[in-house]
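Engineer: Okay, here's the structure, questions in a sec.
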Amino acid sequence: MKEVKELKEGKEGSEGKKGTKRSARRRREELTIARGREGKRVGYTGRMDIPLLDLALAREIELAEGEAAVACAKMRKALQAESDSAVEAIAGGYAVYCGANSPVTQAVGLGLNGPVSKEEFDRLEEFYFSREEAVRVETCPLADATLLAHYRERGYHVSEFSNVMVRGFARDERFEMPDGVEVRKALPGEMELWTLTVAQGFAEYLPVTAELLSVMKMFALGKNSECYLARVDGHVAGGATLALRGTVAGLFGASTLPDFRKRGVQTALLQARLQRAAEAGCKMAVSLAQPGSVSQRNIMRQGFRVLYTRVKFERGFEAGK
């Protein structure tokens, strides 16, 4: 009986080990399949190095966008001498004014050079309040804690989140355009067409006003900015901007006209700008989108990853104060 029991236990132990091995192998197979599905879902190629976030990288990204906004304000001032555009360097970043309620009218890059003093924050508020404009600050999570303390003490609220996404470039990487969509750089005589196209693509979020069209045109004409138009069957379907700042390529302002959505226009605009950035020698591409949006999903399918989430802090202008 003892021998039979030992034999039985030995057999059960062997089967238990085999079962464990099978379970482990099954888990590995399932994990491999899941990774494959995830890779297919977001279009990750595995060939691009995603940079690690540190203060130097955050500063480079934030100032690249800030300089594009500065260029927009300066272009507006150069072409419209009577305009009220203004720029001021504050707390390591820029406060930019490009007209009332303009999407370019905000501060970028603050607090990435160390503590922000009370005097600097006073200057920030004076810059906007003197123009009867709300203070809006796009804030990187790596900004110095003193900046957040100023927000808390002065009654700021959060008005928006945006994901900052990046991707690197593999050596000699090529980008294939979707069938049926043609993308090329807008010609000098097509700037009005480009501006109207992109503005109409955003119409459900921002009313298409003469002031908005003017600001968008100034942004497009800024130094190191390039504009692209997408066409489907010969018809203009969308547009986008590429800002080349050293080794950083900023992909901004992409929109598709409602009649041409879900036809690969956004993908084509992304691919064309990535190809241009790679050829220009850029090491990294950066793009922004609202968390969980269709735009974010389109961008991530091109190998981008979320590097960090920015928060917009805001305080409204109050007359008489």
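By convention in this document, the chains of the structure tokens carry letters A, B, ... by their order, each chain's residues are numbered from 1, and ligands are numbered from 1 in the order they are shown.
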For A:Leu124, work out the shell of residues within 10 Å, counting only C-alpha atoms and skipping chain neighbours fewer than 6 positions away, then give it as number ranges by chain.
Structural biologist: A: 88-91, 94-95, 107, 110, 118, 135-137
Engineer: Kindly save the residues from that selection, with C-alpha atoms included, as an mmCIF file, in the first residue's frame.
Structural biologist:
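That gives us selection13.cif:
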data_model
loop_
_atom_site.group_PDB
_atom_site.id
_atom_site.type_symbol
_atom_site.label_atom_id
_atom_site.label_comp_id
_atom_site.auth_asym_id
_atom_site.auth_seq_id
_atom_site.Cartn_x
_atom_site.Cartn_y
_atom_site.Cartn_z
ATOM 1 C CA GLU A 88 7.723 88.944 -22.739
ATOM 2 C CA ALA A 89 10.263 86.460 -21.403
ATOM 3 C CA ILE A 90 9.175 85.479 -17.891
ATOM 4 C CA ALA A 91 10.317 82.777 -15.447
ATOM 5 C CA TYR A 94 7.313 83.208 -22.626
ATOM 6 C CA ALA A 95 4.147 85.188 -22.100
ATOM 7 C CA ALA A 107 2.205 81.551 -21.440
ATOM 8 C CA LEU A 110 7.400 78.765 -17.173
ATOM 9 C CA LYS A 118 6.585 86.439 -6.528
ATOM 10 C CA VAL A 135 -3.946 84.578 -17.580
ATOM 11 C CA ARG A 136 -3.566 81.118 -19.143
ATOM 12 C CA VAL A 137 -0.420 79.099 -18.522
#
Engineer: Using only C-alpha atoms, which residues sit within 8 Å of A:Ala73 once same-chain residues fewer than 4 positions away are excluded, as a list in words?
Structural biologist: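 My reading of the contact set: Ala69, Lys77, Ser85, Ala86, Val87, Val96, Tyr97, Cys98, Met218 and Phe219 of chain A.
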Engineer: Go ahead and write the selection's residues with N, CA and C atoms as an mmCIF file, in the first residue's frame.
Structural biologist:
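In the end it all went to selection-v4.cif:
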data_model
loop_
_atom_site.group_PDB
_atom_site.id
_atom_site.type_symbol
_atom_site.label_atom_id
_atom_site.label_comp_id
_atom_site.auth_asym_id
_atom_site.auth_seq_id
_atom_site.Cartn_x
_atom_site.Cartn_y
_atom_site.Cartn_z
ATOM 1 N N ALA A 69 5.099 80.198 -30.918
ATOM 2 C CA ALA A 69 4.101 81.201 -30.563
ATOM 3 C C ALA A 69 4.699 82.603 -30.627
ATOM 4 N N LYS A 77 2.816 91.325 -35.697
ATOM 5 C CA LYS A 77 3.220 92.714 -35.483
ATOM 6 C C LYS A 77 3.885 93.289 -36.722
ATOM 7 N N SER A 85 -0.006 92.848 -30.619
ATOM 8 C CA SER A 85 0.780 91.657 -30.259
ATOM 9 C C SER A 85 1.935 92.040 -29.345
ATOM 10 N N ALA A 86 2.247 91.140 -28.409
ATOM 11 C CA ALA A 86 3.339 91.408 -27.478
ATOM 12 C C ALA A 86 3.913 90.094 -26.962
ATOM 13 N N VAL A 87 5.188 90.147 -26.597
ATOM 14 C CA VAL A 87 5.891 88.982 -26.055
ATOM 15 C C VAL A 87 6.773 89.444 -24.905
ATOM 16 N N VAL A 96 2.855 85.297 -24.155
ATOM 17 C CA VAL A 96 2.581 85.724 -25.526
ATOM 18 C C VAL A 96 1.155 86.269 -25.605
ATOM 19 N N TYR A 97 1.017 87.440 -26.230
ATOM 20 C CA TYR A 97 -0.300 88.003 -26.489
ATOM 21 C C TYR A 97 -0.432 88.198 -27.991
ATOM 22 N N CYS A 98 -1.466 87.562 -28.565
ATOM 23 C CA CYS A 98 -1.659 87.630 -30.013
ATOM 24 C C CYS A 98 -3.118 87.942 -30.327
ATOM 25 N N MET A 218 -0.760 84.141 -39.342
ATOM 26 C CA MET A 218 0.502 84.618 -38.778
ATOM 27 C C MET A 218 1.330 83.453 -38.240
ATOM 28 N N PHE A 219 0.650 82.504 -37.612
ATOM 29 C CA PHE A 219 1.341 81.322 -37.095
ATOM 30 C C PHE A 219 1.985 80.550 -38.242
#
Engineer: If DSSP is run on the backbone, what residues of stretch 169-237 of chain A are strand (DSSP E)? A reply as an MDAnalysis selection string would be ideal.
Structural biologist: chainID A and resid 181:185 225:232 235:237
Engineer: How would the residues just chosen look if you wrote them out with C-alpha atoms as a compact mmCIF listing (two decimals), in the first residue's frame?
Structural biologist:
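Saved file selection_18.txt follows:
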# COMPACT_ATOMS: atom_id res chain seq x y z
CA VAL A 181 -4.81 61.08 -50.30
CA GLU A 182 -2.31 63.57 -51.72
CA VAL A 183 -0.34 65.84 -49.39
CA ARG A 184 2.00 68.65 -50.38
CA LYS A 185 3.32 71.88 -48.96
CA SER A 225 6.93 76.89 -39.94
CA GLU A 226 5.63 74.92 -42.93
CA CYS A 227 2.01 74.40 -43.96
CA TYR A 228 0.58 71.35 -45.71
CA LEU A 229 -2.68 70.71 -47.58
CA ALA A 230 -4.26 67.29 -48.10
CA ARG A 231 -6.48 66.53 -51.08
CA VAL A 232 -8.87 63.67 -51.83
CA HIS A 235 -10.59 68.35 -53.44
CA VAL A 236 -8.96 70.06 -50.44
CA ALA A 237 -9.71 67.85 -47.42
Engineer: If we count only C-alpha atoms and set the cut-off at 6 Å, which residues sit around stretch 305-318 of chain A, ignoring sequence neighbours fewer than 2 positions away in its own chain? Please answer as a JSON list (two decimals) with N, CA and C atoms, in the first residue's frame.
Structural biologist:
[["chain", "number", "residue", "atom", "x", "y", "z"],
["A", 129, "PHE", "N", -3.32, 91.05, -17.48],
["A", 129, "PHE", "CA", -4.38, 91.87, -16.92],
["A", 129, "PHE", "C", -4.35, 93.29, -17.46],
["A", 132, "GLU", "N", -6.46, 93.40, -20.28],
["A", 132, "GLU", "CA", -7.81, 92.92, -19.97],
["A", 132, "GLU", "C", -8.04, 91.50, -20.49],
["A", 133, "GLU", "N", -7.04, 90.70, -20.31],
["A", 133, "GLU", "CA", -7.07, 89.31, -20.78],
["A", 133, "GLU", "C", -6.83, 88.37, -19.60],
["A", 134, "ALA", "N", -7.47, 87.20, -19.65],
["A", 134, "ALA", "CA", -7.23, 86.18, -18.62],
["A", 134, "ALA", "C", -5.79, 85.68, -18.72],
["A", 135, "VAL", "N", -5.26, 85.22, -17.59],
["A", 135, "VAL", "CA", -3.95, 84.58, -17.58],
["A", 135, "VAL", "C", -4.15, 83.09, -17.81],
["A", 136, "ARG", "N", -3.51, 82.55, -18.84],
["A", 136, "ARG", "CA", -3.57, 81.12, -19.14],
["A", 136, "ARG", "C", -2.14, 80.62, -19.28],
["A", 137, "VAL", "N", -1.80, 79.60, -18.53],
["A", 137, "VAL", "CA", -0.42, 79.10, -18.52],
["A", 137, "VAL", "C", -0.41, 77.60, -18.78],
["A", 138, "GLU", "N", 0.16, 77.19, -19.91],
["A", 138, "GLU", "CA", 0.38, 75.77, -20.19],
["A", 138, "GLU", "C", 1.53, 75.30, -19.31],
["A", 139, "THR", "N", 1.25, 74.36, -18.42],
["A", 139, "THR", "CA", 2.21, 74.01, -17.38],
["A", 139, "THR", "C", 2.69, 72.57, -17.51],
["A", 140, "CYS", "N", 4.00, 72.42, -17.61],
["A", 140, "CYS", "CA", 4.64, 71.10, -17.68],
["A", 140, "CYS", "C", 4.70, 70.51, -16.27],
["A", 156, "TYR", "N", -6.15, 80.18, -9.04],
["A", 156, "TYR", "CA", -6.22, 79.67, -10.41],
["A", 156, "TYR", "C", -6.99, 78.36, -10.45],
["A", 157, "HIS", "N", -7.58, 78.06, -11.61],
["A", 157, "HIS", "CA", -8.26, 76.79, -11.79],
["A", 157, "HIS", "C", -7.72, 76.09, -13.04],
["A", 158, "VAL", "N", -7.94, 74.79, -13.10],
["A", 158, "VAL", "CA", -7.51, 74.00, -14.26],
["A", 158, "VAL", "C", -8.58, 74.09, -15.33],
["A", 159, "SER", "N", -8.18, 74.47, -16.55],
["A", 159, "SER", "CA", -9.14, 74.60, -17.64],
["A", 159, "SER", "C", -8.94, 73.62, -18.78],
["A", 160, "GLU", "N", -7.80, 72.91, -18.78],
["A", 160, "GLU", "CA", -7.55, 72.01, -19.91],
["A", 160, "GLU", "C", -6.38, 71.08, -19.61],
["A", 161, "PHE", "N", -6.46, 69.87, -20.19],
["A", 161, "PHE", "CA", -5.34, 68.93, -20.17],
["A", 161, "PHE", "C", -4.93, 68.64, -21.61],
["A", 162, "SER", "N", -3.67, 68.38, -21.83],
["A", 162, "SER", "CA", -3.21, 67.96, -23.16],
["A", 162, "SER", "C", -2.03, 67.01, -22.99],
["A", 163, "ASN", "N", -2.03, 65.97, -23.80],
["A", 163, "ASN", "CA", -0.93, 65.01, -23.77],
["A", 163, "ASN", "C", 0.16, 65.43, -24.75],
["A", 164, "VAL", "N", 1.39, 65.42, -24.26],
["A", 164, "VAL", "CA", 2.55, 65.70, -25.10],
["A", 164, "VAL", "C", 3.11, 64.35, -25.53],
["A", 165, "MET", "N", 3.09, 64.11, -26.85],
["A", 165, "MET", "CA", 3.52, 62.81, -27.39],
["A", 165, "MET", "C", 4.77, 62.98, -28.24],
["A", 166, "VAL", "N", 5.66, 62.00, -28.16],
["A", 166, "VAL", "CA", 6.91, 62.08, -28.90],
["A", 166, "VAL", "C", 7.20, 60.75, -29.59],
["A", 321, "LYS", "N", -9.84, 95.52, -10.61],
["A", 321, "LYS", "CA", -8.87, 94.98, -9.65],
["A", 321, "LYS", "C", -7.45, 95.12, -10.17]]
Engineer: Could you state the separation of atom CA of A:Leu52 and atom CA of A:Asp144 in Å, given to one decimal place?
Structural biologist: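 Separation of atom CA of A:Leu52 and atom CA of A:Asp144: 18.8 Å.
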Engineer: Could you state the separation of atom CA of A:Gly93 and atom CA of A:Gly66 in Å, given to one decimal place?
Structural biologist: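 Between atom CA of A:Gly93 and atom CA of A:Gly66 the gap works out to 7.2 Å.
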Engineer: Looking only at alpha helix (DSSP H) from DSSP on the backbone, list the matching residues of stretch 239-299 of chain A as a PyMOL selection string.
Structural biologist: chain A and resi 265-279+294-299
